[in-house]
>>> print(open('query_31.tsv').read())   # TSV, C-alpha atoms
chain	number	residue	atom	x	y	z
U	1	MET	CA	0.00	0.00	0.00
U	2	THR	CA	1.36	3.43	-0.95
U	3	ASP	CA	1.93	5.58	2.15
U	4	VAL	CA	1.28	9.17	1.07
U	5	PHE	CA	1.89	10.51	4.59
U	6	ASP	CA	5.33	9.02	5.28
U	7	PRO	CA	7.54	12.10	5.95
U	8	SER	CA	10.73	10.09	5.41
U	9	HIS	CA	9.68	9.11	1.91
U	10	LYS	CA	11.24	11.05	-0.97
U	11	ASP	CA	7.92	11.20	-2.76
U	12	THR	CA	5.88	12.78	0.05
U	13	HIS	CA	3.12	14.85	-1.54
U	14	GLU	CA	1.53	18.10	-0.41
U	15	GLN	CA	-2.01	17.12	-1.32
U	16	VAL	CA	-3.87	14.16	-2.77
U	17	VAL	CA	-7.54	14.58	-3.68
U	18	PHE	CA	-9.90	11.68	-4.37
U	19	CYS	CA	-12.82	12.70	-6.59
U	20	ALA	CA	-16.03	10.73	-7.12
U	21	ASP	CA	-19.37	11.46	-8.76
U	22	ALA	CA	-21.70	8.47	-8.85
U	23	HIS	CA	-24.08	9.93	-11.44
U	24	SER	CA	-21.44	10.45	-14.14
U	25	GLY	CA	-19.26	7.55	-13.03
U	26	LEU	CA	-16.28	9.78	-12.30
U	27	ARG	CA	-13.49	8.24	-10.23
U	28	ALA	CA	-10.40	10.43	-10.26
U	29	ILE	CA	-7.33	11.27	-8.20
U	30	ILE	CA	-5.50	14.61	-8.28
U	31	ALA	CA	-2.01	14.71	-6.75
U	32	LEU	CA	0.11	17.76	-5.95
U	33	HIS	CA	3.71	16.86	-5.24
U	34	ASN	CA	5.48	20.19	-4.73
U	35	THR	CA	4.26	23.73	-5.36
U	36	ALA	CA	7.42	25.60	-4.31
U	37	LEU	CA	7.74	27.11	-7.80
U	38	GLY	CA	4.05	27.82	-8.32
U	39	PRO	CA	0.72	26.08	-8.88
U	40	GLY	CA	0.94	22.46	-9.96
U	41	LEU	CA	0.71	21.94	-13.72
U	42	GLY	CA	0.25	18.55	-15.34
U	43	GLY	CA	-2.09	16.56	-17.51
U	44	THR	CA	-5.10	14.35	-16.85
U	45	ARG	CA	-4.59	10.67	-17.70
U	46	PHE	CA	-7.76	8.69	-18.52
U	47	TYR	CA	-6.85	5.02	-18.22
U	48	PRO	CA	-8.48	1.67	-17.29
U	49	TYR	CA	-6.35	0.93	-14.23
U	50	GLU	CA	-6.67	-2.58	-12.84
U	51	SER	CA	-7.22	-1.19	-9.34
U	52	GLU	CA	-7.52	2.05	-7.40
U	53	GLN	CA	-4.13	1.28	-5.86
U	54	ALA	CA	-2.56	1.12	-9.33
U	55	ALA	CA	-4.13	4.48	-10.18
U	56	LEU	CA	-2.84	6.03	-6.94
U	57	THR	CA	0.68	4.73	-7.51
U	58	ASP	CA	0.67	6.11	-11.04
U	59	VAL	CA	-0.61	9.57	-10.14
U	60	LEU	CA	1.91	9.91	-7.30
U	61	ASN	CA	4.79	8.97	-9.61
U	62	LEU	CA	3.53	11.19	-12.41
U	63	SER	CA	3.02	14.25	-10.20
U	64	ARG	CA	6.50	13.91	-8.76
U	65	GLY	CA	7.86	13.69	-12.30
U	66	MET	CA	5.98	16.88	-13.20
U	67	ALA	CA	7.59	18.77	-10.30
U	68	TYR	CA	11.04	17.89	-11.60
U	69	LYS	CA	10.04	18.38	-15.24
U	70	ASN	CA	8.61	21.85	-14.67
U	71	ALA	CA	11.64	22.84	-12.61
U	72	LEU	CA	14.14	21.93	-15.32
U	73	ALA	CA	11.93	23.41	-18.04
U	74	GLY	CA	12.36	26.78	-16.30
U	75	LEU	CA	8.63	27.10	-15.57
U	76	ASP	CA	7.08	28.79	-12.56
U	77	HIS	CA	4.97	25.74	-11.84
U	78	GLY	CA	5.07	22.87	-9.42
U	79	GLY	CA	4.23	19.23	-9.93
U	80	GLY	CA	0.63	18.16	-10.34
U	81	LYS	CA	-1.12	15.34	-12.15
U	82	ALA	CA	-4.52	13.71	-12.30
U	83	VAL	CA	-5.83	10.31	-13.32
U	84	ILE	CA	-9.38	9.32	-14.22
U	85	ILE	CA	-10.06	5.62	-13.74
U	86	GLY	CA	-11.88	4.08	-16.69
U	87	ASP	CA	-11.80	3.25	-20.37
U	88	PRO	CA	-11.92	6.57	-22.26
U	89	ALA	CA	-13.47	4.87	-25.30
U	90	ARG	CA	-16.36	3.64	-23.19
U	91	ASP	CA	-16.62	5.82	-20.07
U	92	LYS	CA	-15.79	9.33	-21.25
U	93	SER	CA	-18.79	11.68	-21.35
U	94	GLU	CA	-19.61	15.36	-21.11
U	95	ALA	CA	-21.08	14.86	-17.64
U	96	LEU	CA	-17.98	13.03	-16.39
U	97	LEU	CA	-15.56	15.62	-17.76
U	98	ARG	CA	-17.60	18.48	-16.34
U	99	ALA	CA	-17.82	16.78	-12.96
U	100	TYR	CA	-14.05	16.43	-13.06
U	101	GLY	CA	-13.77	20.12	-13.95
U	102	ARG	CA	-15.71	21.00	-10.80
U	103	PHE	CA	-13.14	19.20	-8.69
U	104	VAL	CA	-10.27	21.00	-10.46
U	105	GLU	CA	-12.02	24.31	-9.83
U	106	SER	CA	-12.52	23.45	-6.15
U	107	LEU	CA	-8.74	23.57	-5.66
U	108	GLY	CA	-8.78	27.28	-6.42
U	109	GLY	CA	-5.85	27.29	-8.84
U	110	ARG	CA	-3.45	25.08	-6.89
U	111	TYR	CA	-3.69	22.66	-9.83
U	112	ILE	CA	-3.86	23.50	-13.54
U	113	THR	CA	-4.79	20.58	-15.76
U	114	ALA	CA	-4.10	19.70	-19.40
U	115	CYS	CA	-4.12	16.66	-21.73
U	116	ASP	CA	-2.39	13.34	-21.23
U	117	VAL	CA	-2.93	9.71	-22.25
U	118	GLY	CA	-6.62	9.22	-23.02
U	119	THR	CA	-7.53	12.93	-23.08
U	120	PHE	CA	-7.41	15.49	-25.86
U	121	SER	CA	-7.72	19.23	-26.38
U	122	GLU	CA	-11.43	18.83	-27.11
U	123	ASP	CA	-11.83	17.20	-23.68
U	124	MET	CA	-10.08	20.15	-22.04
U	125	ASP	CA	-12.64	22.46	-23.67
U	126	VAL	CA	-15.35	20.51	-21.85
U	127	VAL	CA	-13.47	20.54	-18.52
U	128	ALA	CA	-12.99	24.29	-18.95
U	129	ARG	CA	-16.77	24.82	-18.91
U	130	GLU	CA	-16.54	24.15	-15.18
U	131	SER	CA	-13.04	25.38	-14.33
U	132	ARG	CA	-10.79	28.36	-15.03
U	133	PHE	CA	-7.67	26.28	-14.42
U	134	VAL	CA	-7.40	24.39	-17.70
U	135	THR	CA	-4.82	24.62	-20.47
U	136	GLY	CA	-4.03	22.58	-23.56
U	137	ARG	CA	-7.30	23.67	-25.16
U	138	THR	CA	-8.19	23.69	-28.86
U	139	LEU	CA	-7.00	26.38	-31.23
U	140	ALA	CA	-10.63	27.40	-31.79
U	141	ASN	CA	-10.89	28.24	-28.11
U	142	GLY	CA	-7.67	30.19	-27.89
U	143	GLY	CA	-5.55	27.26	-26.81
U	144	ALA	CA	-2.26	25.75	-27.89
U	145	GLY	CA	-3.86	22.69	-29.44
U	146	ASP	CA	-2.13	19.32	-29.49
U	147	SER	CA	0.78	19.40	-26.99
U	148	SER	CA	2.34	16.33	-28.62
U	149	ILE	CA	3.79	18.68	-31.27
U	150	LEU	CA	6.36	20.23	-28.94
U	151	THR	CA	6.69	17.07	-26.85
U	152	ALA	CA	8.06	15.27	-29.90
U	153	PHE	CA	10.18	18.30	-30.85
U	154	GLY	CA	11.70	18.40	-27.36
U	155	VAL	CA	12.49	14.68	-27.36
U	156	PHE	CA	14.18	15.16	-30.71
U	157	GLN	CA	16.29	17.97	-29.23
U	158	GLY	CA	17.25	15.73	-26.32
U	159	MET	CA	18.18	12.97	-28.76
U	160	ARG	CA	20.34	15.38	-30.74
U	161	ALA	CA	22.14	16.36	-27.53
U	162	SER	CA	22.62	12.69	-26.68
U	163	ALA	CA	24.09	12.01	-30.12
U	164	GLU	CA	26.41	14.99	-29.69
U	165	HIS	CA	27.62	13.59	-26.37
U	166	VAL	CA	28.12	10.01	-27.64
U	167	TYR	CA	29.06	10.44	-31.29
U	168	GLY	CA	30.39	14.00	-31.44
U	169	THR	CA	27.65	15.19	-33.80
U	170	ALA	CA	24.06	16.22	-33.16
U	171	SER	CA	22.87	14.69	-36.43
U	172	LEU	CA	20.94	11.40	-36.40
U	173	LEU	CA	21.81	10.81	-40.05
U	174	GLY	CA	22.44	7.10	-40.59
U	175	ARG	CA	21.65	6.17	-36.98
U	176	ARG	CA	19.08	3.46	-36.38
U	177	VAL	CA	16.44	4.53	-33.87
U	178	GLY	CA	13.93	2.15	-32.30
U	179	VAL	CA	10.68	3.84	-31.29
U	180	GLU	CA	8.44	1.95	-28.89
U	181	GLY	CA	4.95	3.41	-29.15
U	182	VAL	CA	3.88	5.52	-32.13
U	183	GLY	CA	0.81	7.18	-30.69
U	184	LYS	CA	0.34	10.90	-30.08
U	185	VAL	CA	4.04	11.69	-29.64
U	186	GLY	CA	5.79	8.70	-31.16
U	187	HIS	CA	4.47	9.15	-34.69
U	188	ARG	CA	5.57	12.79	-34.68
U	189	LEU	CA	9.02	11.79	-33.44
U	190	VAL	CA	9.30	9.33	-36.35
U	191	GLU	CA	8.67	12.22	-38.76
U	192	LEU	CA	11.42	14.35	-37.20
U	193	LEU	CA	13.85	11.43	-37.24
U	194	ARG	CA	13.22	10.61	-40.88
U	195	GLU	CA	13.58	14.27	-41.85
U	196	ASP	CA	17.00	14.18	-40.15
U	197	GLY	CA	18.02	11.07	-42.06
U	198	ALA	CA	17.71	8.45	-39.33
U	199	ASP	CA	16.70	4.86	-40.04
U	200	VAL	CA	13.66	4.01	-37.92
U	201	VAL	CA	12.16	0.78	-36.60
U	202	ILE	CA	8.93	0.84	-34.60
U	203	CYS	CA	6.57	-1.28	-32.55
U	204	ASP	CA	3.17	-0.62	-30.98
U	205	VAL	CA	0.39	-2.70	-29.45
U	206	SER	CA	-2.01	-0.84	-31.75
U	207	GLU	CA	-2.04	-2.03	-35.36
U	208	GLN	CA	-3.82	1.20	-36.31
U	209	ALA	CA	-0.97	3.29	-34.91
U	210	VAL	CA	1.57	1.25	-36.84
U	211	GLU	CA	-0.42	1.50	-40.06
U	212	ARG	CA	-0.72	5.29	-39.70
U	213	VAL	CA	3.07	5.54	-39.65
U	214	ARG	CA	3.51	3.07	-42.48
U	215	ARG	CA	1.06	4.89	-44.73
U	216	ARG	CA	3.14	8.05	-44.44
U	217	ARG	CA	6.55	6.42	-44.08
U	218	PRO	CA	6.50	2.99	-45.79
U	219	GLU	CA	10.28	2.75	-45.45
U	220	VAL	CA	10.01	2.46	-41.66
U	221	ASP	CA	10.62	-1.06	-40.33
U	222	VAL	CA	8.20	-2.76	-37.93
U	223	VAL	CA	8.86	-5.42	-35.28
U	224	SER	CA	6.27	-7.34	-33.31
U	225	ASP	CA	6.96	-6.17	-29.76
U	226	ALA	CA	9.19	-4.22	-27.38
U	227	GLU	CA	11.42	-7.22	-26.64
U	228	SER	CA	12.19	-7.65	-30.33
U	229	LEU	CA	12.87	-3.93	-30.64
U	230	THR	CA	15.24	-3.62	-27.69
U	231	SER	CA	17.21	-6.72	-28.63
U	232	SER	CA	17.67	-5.57	-32.24
U	233	ASP	CA	20.66	-3.73	-33.65
U	234	ILE	CA	19.72	-0.11	-32.86
U	235	ASP	CA	21.78	2.92	-31.91
U	236	VAL	CA	19.03	4.72	-30.00
U	237	PHE	CA	16.06	3.37	-28.04
U	238	ALA	CA	13.12	5.78	-27.73
U	239	PRO	CA	10.45	4.59	-25.26
U	240	CYS	CA	7.30	6.51	-26.15
U	241	ALA	CA	4.58	4.30	-24.63
U	242	LEU	CA	3.72	3.96	-20.93
U	243	GLY	CA	6.21	4.00	-18.06
U	244	GLY	CA	8.51	1.28	-16.73
U	245	ALA	CA	10.05	0.47	-20.11
U	246	LEU	CA	13.52	0.10	-18.63
U	247	ASP	CA	13.51	-2.89	-16.30
U	248	ASP	CA	16.33	-5.32	-15.47
U	249	ASP	CA	15.65	-7.63	-18.41
U	250	THR	CA	15.36	-4.80	-20.93
U	251	VAL	CA	18.61	-3.17	-19.83
U	252	ALA	CA	20.42	-6.52	-19.96
U	253	ARG	CA	19.47	-7.15	-23.59
U	254	LEU	CA	19.54	-3.56	-24.85
U	255	ARG	CA	22.04	-3.01	-27.66
U	256	ALA	CA	21.51	0.73	-28.08
U	257	LYS	CA	24.10	3.28	-26.91
U	258	ILE	CA	21.43	5.90	-26.12
U	259	VAL	CA	18.03	5.84	-24.44
U	260	CYS	CA	15.95	8.95	-25.15
U	261	GLY	CA	12.18	8.88	-25.39
U	262	ALA	CA	8.89	10.54	-24.55
U	263	ALA	CA	7.43	8.12	-22.00
U	264	ASN	CA	7.16	9.24	-18.38
U	265	ASN	CA	8.82	7.29	-15.55
U	266	GLN	CA	10.86	5.06	-17.86
U	267	LEU	CA	13.02	3.59	-15.06
U	268	ASP	CA	11.16	0.61	-13.63
U	269	HIS	CA	12.80	0.93	-10.21
U	270	PRO	CA	15.64	2.78	-8.45
U	271	GLY	CA	19.01	1.45	-9.54
U	272	VAL	CA	18.18	1.00	-13.21
U	273	GLU	CA	20.00	4.26	-13.97
U	274	LYS	CA	23.18	2.71	-12.52
U	275	GLN	CA	22.73	-0.45	-14.58
U	276	LEU	CA	22.50	1.66	-17.73
U	277	ALA	CA	25.63	3.59	-16.79
U	278	GLU	CA	27.54	0.37	-16.02
U	279	ARG	CA	26.65	-0.95	-19.48
U	280	GLY	CA	27.85	2.28	-21.11
U	281	ILE	CA	24.34	3.29	-22.21
U	282	LEU	CA	23.60	7.00	-22.05
U	283	TYR	CA	20.19	7.72	-20.52
U	284	ALA	CA	18.59	11.08	-21.27
U	285	PRO	CA	16.28	11.63	-18.25
U	286	ASP	CA	12.71	11.36	-19.47
U	287	TYR	CA	11.30	14.35	-17.63
U	288	VAL	CA	14.00	16.56	-19.14
U	289	VAL	CA	13.57	15.62	-22.79
U	290	ASN	CA	9.77	15.21	-22.81
U	291	SER	CA	9.06	18.64	-21.30
U	292	GLY	CA	8.17	20.26	-24.64
U	293	GLY	CA	4.48	19.50	-24.11
U	294	VAL	CA	4.26	21.19	-20.73
U	295	ILE	CA	6.23	24.13	-22.11
U	296	GLN	CA	3.60	24.40	-24.84
U	297	VAL	CA	0.58	24.32	-22.52
U	298	ALA	CA	2.25	26.61	-19.94
U	299	ASP	CA	2.75	29.22	-22.64
U	300	GLU	CA	-0.98	29.13	-23.30
U	301	ILE	CA	-1.73	30.45	-19.81
U	302	ARG	CA	-0.49	33.91	-20.78
U	303	GLY	CA	-1.70	33.80	-24.39
U	304	PHE	CA	-0.21	31.19	-26.68
U	305	ASP	CA	2.56	31.98	-29.15
U	306	MET	CA	3.95	28.92	-30.96
U	307	GLU	CA	7.18	30.62	-32.00
U	308	ARG	CA	7.92	31.63	-28.40
U	309	ALA	CA	7.03	28.18	-27.04
U	310	ARG	CA	9.07	26.39	-29.72
U	311	ALA	CA	12.11	28.57	-28.94
U	312	LYS	CA	11.83	27.62	-25.27
U	313	ALA	CA	11.43	23.92	-26.12
U	314	ALA	CA	14.57	24.13	-28.29
U	315	ARG	CA	16.55	24.84	-25.10
U	316	ILE	CA	15.97	21.23	-24.08
U	317	TYR	CA	19.05	20.53	-26.20
U	318	ASP	CA	21.20	22.77	-24.00
U	319	THR	CA	19.66	21.53	-20.74
U	320	THR	CA	20.29	17.92	-21.73
U	321	LEU	CA	23.93	18.62	-22.57
U	322	LYS	CA	24.34	20.48	-19.27
U	323	ILE	CA	23.05	17.44	-17.37
U	324	PHE	CA	25.46	15.10	-19.19
U	325	GLU	CA	28.36	17.41	-18.34
U	326	MET	CA	27.25	17.70	-14.70
U	327	ALA	CA	26.93	13.91	-14.47
U	328	ALA	CA	30.45	13.42	-15.81
U	329	ASP	CA	31.91	16.05	-13.45
U	330	GLU	CA	30.19	14.60	-10.38
U	331	GLY	CA	30.64	10.94	-11.31
U	332	VAL	CA	26.94	10.12	-11.19
U	333	PRO	CA	24.38	8.86	-13.73
U	334	PRO	CA	22.51	11.57	-15.71
U	335	ALA	CA	19.26	10.76	-13.87
U	336	VAL	CA	20.91	11.64	-10.55
U	337	ALA	CA	22.41	14.83	-11.98
U	338	ALA	CA	19.02	15.89	-13.35
U	339	ASP	CA	17.35	15.29	-9.99
U	340	ARG	CA	19.98	17.37	-8.22
U	341	LEU	CA	19.61	20.24	-10.67
U	342	ALA	CA	15.82	20.26	-10.37
U	343	GLU	CA	15.92	20.03	-6.57
U	344	ARG	CA	18.37	22.91	-6.46
U	345	ARG	CA	16.01	25.16	-8.43
U	346	MET	CA	12.99	24.15	-6.34
U	347	SER	CA	14.93	24.93	-3.18
U	348	GLU	CA	16.58	28.18	-4.28
U	349	VAL	CA	13.63	29.74	-6.09
U	350	GLY	CA	11.04	28.28	-3.75
U	351	ARG	CA	12.78	29.92	-0.79
U	352	ILE	CA	12.06	33.35	-2.31
U	353	ARG	CA	8.36	32.78	-1.68
U	354	ALA	CA	9.05	33.11	2.04
U	355	ILE	CA	9.53	36.86	1.50
U	356	TRP	CA	6.36	38.48	2.80
U	357	LEU	CA	4.52	40.65	0.27
U	358	GLY	CA	2.15	42.27	2.74
U	359	HIS	CA	-1.09	40.96	1.18
>>> encode(input="query_31.tsv", output="structure tokens")
Amino acid sequence: MTDVFDPSHKDTHEQVVFCADAHSGLRAIIALHNTALGPGLGGTRFYPYESEQAALTDVLNLSRGMAYKNALAGLDHGGGKAVIIGDPARDKSEALLRAYGRFVESLGGRYITACDVGTFSEDMDVVARESRFVTGRTLANGGAGDSSILTAFGVFQGMRASAEHVYGTASLLGRRVGVEGVGKVGHRLVELLREDGADVVICDVSEQAVERVRRRRPEVDVVSDAESLTSSDIDVFAPCALGGALDDDTVARLRAKIVCGAANNQLDHPGVEKQLAERGILYAPDYVVNSGGVIQVADEIRGFDMERARAKAARIYDTTLKIFEMAADEGVPPAVAADRLAERRMSEVGRIRAIWLGH
């Protein structure tokens, strides 16, 4: 059982809200990990969890990841995330989304929501009918639209930085990249990789997702599953599905020199980052390279400008290189260096909020 009140635990959260509305069928959890830098910002995941415990574990991990992601993205936002328990294809409805919006509104701005797995900009428009604290809305409603655009762009920048660190050039030309998951973000990443001249091999549990890529890029290779992908002869592994892609077995068989992908919480358990380092595999911390999406939706809060948001997402390249250099200087894996850098910003900038403003 996850203990959300254990003060000795690294993942202690400020607030966890359980939301239920019997009429609409809403069962949701909102988690706020750390708001030292500002109100929590993070998406709403709509997913058929096998149990409420599984949903709680996921939202706690995701909200912690958002705190670190927002910190290293240079945003004035803390870590927040929400999950709705259910099958979005079957359970999603206007009533459910609006009921969820009421719960978001009840937090008074401590949490700002957006899209994630199972939710889209059109859903955020519905949630916004009940709450002011919604971003990632459609272009027609003044929003930034699909946040996967800059998520994929940011991952690509992180991959370029990784290639620079390993191969001495930021180009992926001629490199073979294995992309696990070609959904919202993954299929856009494939486009960027092919435009840069990379060879690409993909896998996905959805045949429709694979066919969408193949219709546009018939030259892309396809393998049956993640095990086949990670054991194949690839230079870069890009996990772009759900979390936990890097477990003991995967790391042991992985032939890639670089891991850089869009999925959240890629490390299955603490210690995997050390296993990767021991095998000479460079790991680009997921919450660093996949922050383009949150940069995009955060920009919307003050009036969206794609050029401005894209320029900020391009800095993921520099941040990723900085983390690799810090890791080398301190003799630690990149994941540890990234955590330290994020924690430093949360501590230093968060301390400023102790200055009394008199109102």
>>> residues_around(input="query_31.tsv", residues="segment 109-118 of chain U", least_positions_apart="2", cutoff="6 Å", atoms="only C-alpha atoms", output="PyMOL selection string")
chain U and resi 39-46+88+107+120+133-136
>>> residues_around(input="query_31.tsv", residues="Glu14 of chain U", least_positions_apart="2", cutoff="7 Å", atoms="only C-alpha atoms", output="VMD selection string")
chain U and resid 12 32 to 34
>>> residues_around(input="query_31.tsv", residues="Gln296 of chain U", least_positions_apart="3", cutoff="7 Å", atoms="only C-alpha atoms", output="MDAnalysis selection string")
chainID U and resid 144 147 150 292:293 299:300 309
>>> closest_residue(input="query_31.tsv", among="U:Val185, U:Leu172, U:Ala161, U:Ile295", to="Thr320 of chain U", atoms="all atoms listed in the file")
U:Ala161
>>> residues_around(input="query_31.tsv", residues="Gly74 of chain U", least_positions_apart="5", cutoff="12 Å", atoms="all atoms listed in the file", output="list in words")
Leu37, Gly38, Ala67, Tyr68, Lys69, Val288, Ser291, Gly292, Val294, Ile295, Ala298, Asp299, Lys312, Ala313, Arg315, Ile316, Thr319, Leu341, Ala342, Arg345, Met346 and Val349 of chain U
>>> write_last_selection(input="query_31.tsv", atoms="C-alpha atoms", output="short mmCIF file (atom, residue, chain, number, x, y, z; two decimals), in the frame of the given file")
data_model
loop_
_atom_site.label_atom_id
_atom_site.label_comp_id
_atom_site.auth_asym_id
_atom_site.auth_seq_id
_atom_site.Cartn_x
_atom_site.Cartn_y
_atom_site.Cartn_z
CA LEU U 37 7.74 27.11 -7.80
CA GLY U 38 4.05 27.82 -8.32
CA ALA U 67 7.59 18.77 -10.30
CA TYR U 68 11.04 17.89 -11.60
CA LYS U 69 10.04 18.38 -15.24
CA VAL U 288 14.00 16.56 -19.14
CA SER U 291 9.06 18.64 -21.30
CA GLY U 292 8.17 20.26 -24.64
CA VAL U 294 4.26 21.19 -20.73
CA ILE U 295 6.23 24.13 -22.11
CA ALA U 298 2.25 26.61 -19.94
CA ASP U 299 2.75 29.22 -22.64
CA LYS U 312 11.83 27.62 -25.27
CA ALA U 313 11.43 23.92 -26.12
CA ARG U 315 16.55 24.84 -25.10
CA ILE U 316 15.97 21.23 -24.08
CA THR U 319 19.66 21.53 -20.74
CA LEU U 341 19.61 20.24 -10.67
CA ALA U 342 15.82 20.26 -10.37
CA ARG U 345 16.01 25.16 -8.43
CA MET U 346 12.99 24.15 -6.34
CA VAL U 349 13.63 29.74 -6.09
#
>>> residues_around(input="query_31.tsv", residues="Val126 of chain U", least_positions_apart="3", cutoff="8 Å", atoms="all atoms listed in the file", output="PDB file with C-alpha atoms, keeping the file's coordinate frame")
ATOM      1  CA  GLU U  94     -19.610  15.360 -21.110  1.00  0.00           C
ATOM      2  CA  LEU U  97     -15.560  15.620 -17.760  1.00  0.00           C
ATOM      3  CA  ARG U  98     -17.600  18.480 -16.340  1.00  0.00           C
ATOM      4  CA  GLU U 122     -11.430  18.830 -27.110  1.00  0.00           C
ATOM      5  CA  ASP U 123     -11.830  17.200 -23.680  1.00  0.00           C
ATOM      6  CA  ARG U 129     -16.770  24.820 -18.910  1.00  0.00           C
ATOM      7  CA  GLU U 130     -16.540  24.150 -15.180  1.00  0.00           C
TER       8      GLU U 130
END
>>> closest_residue(input="query_31.tsv", among="U:Glu105, U:Glu180, U:Asp196, U:Asp233", to="Ala209 of chain U", atoms="all atoms listed in the file")
U:Glu180
>>> closest_residue(input="query_31.tsv", among="U:Val220, U:Val251, U:Ala20, U:Val297", to="Arg137 of chain U", atoms="only C-alpha atoms")
U:Val297
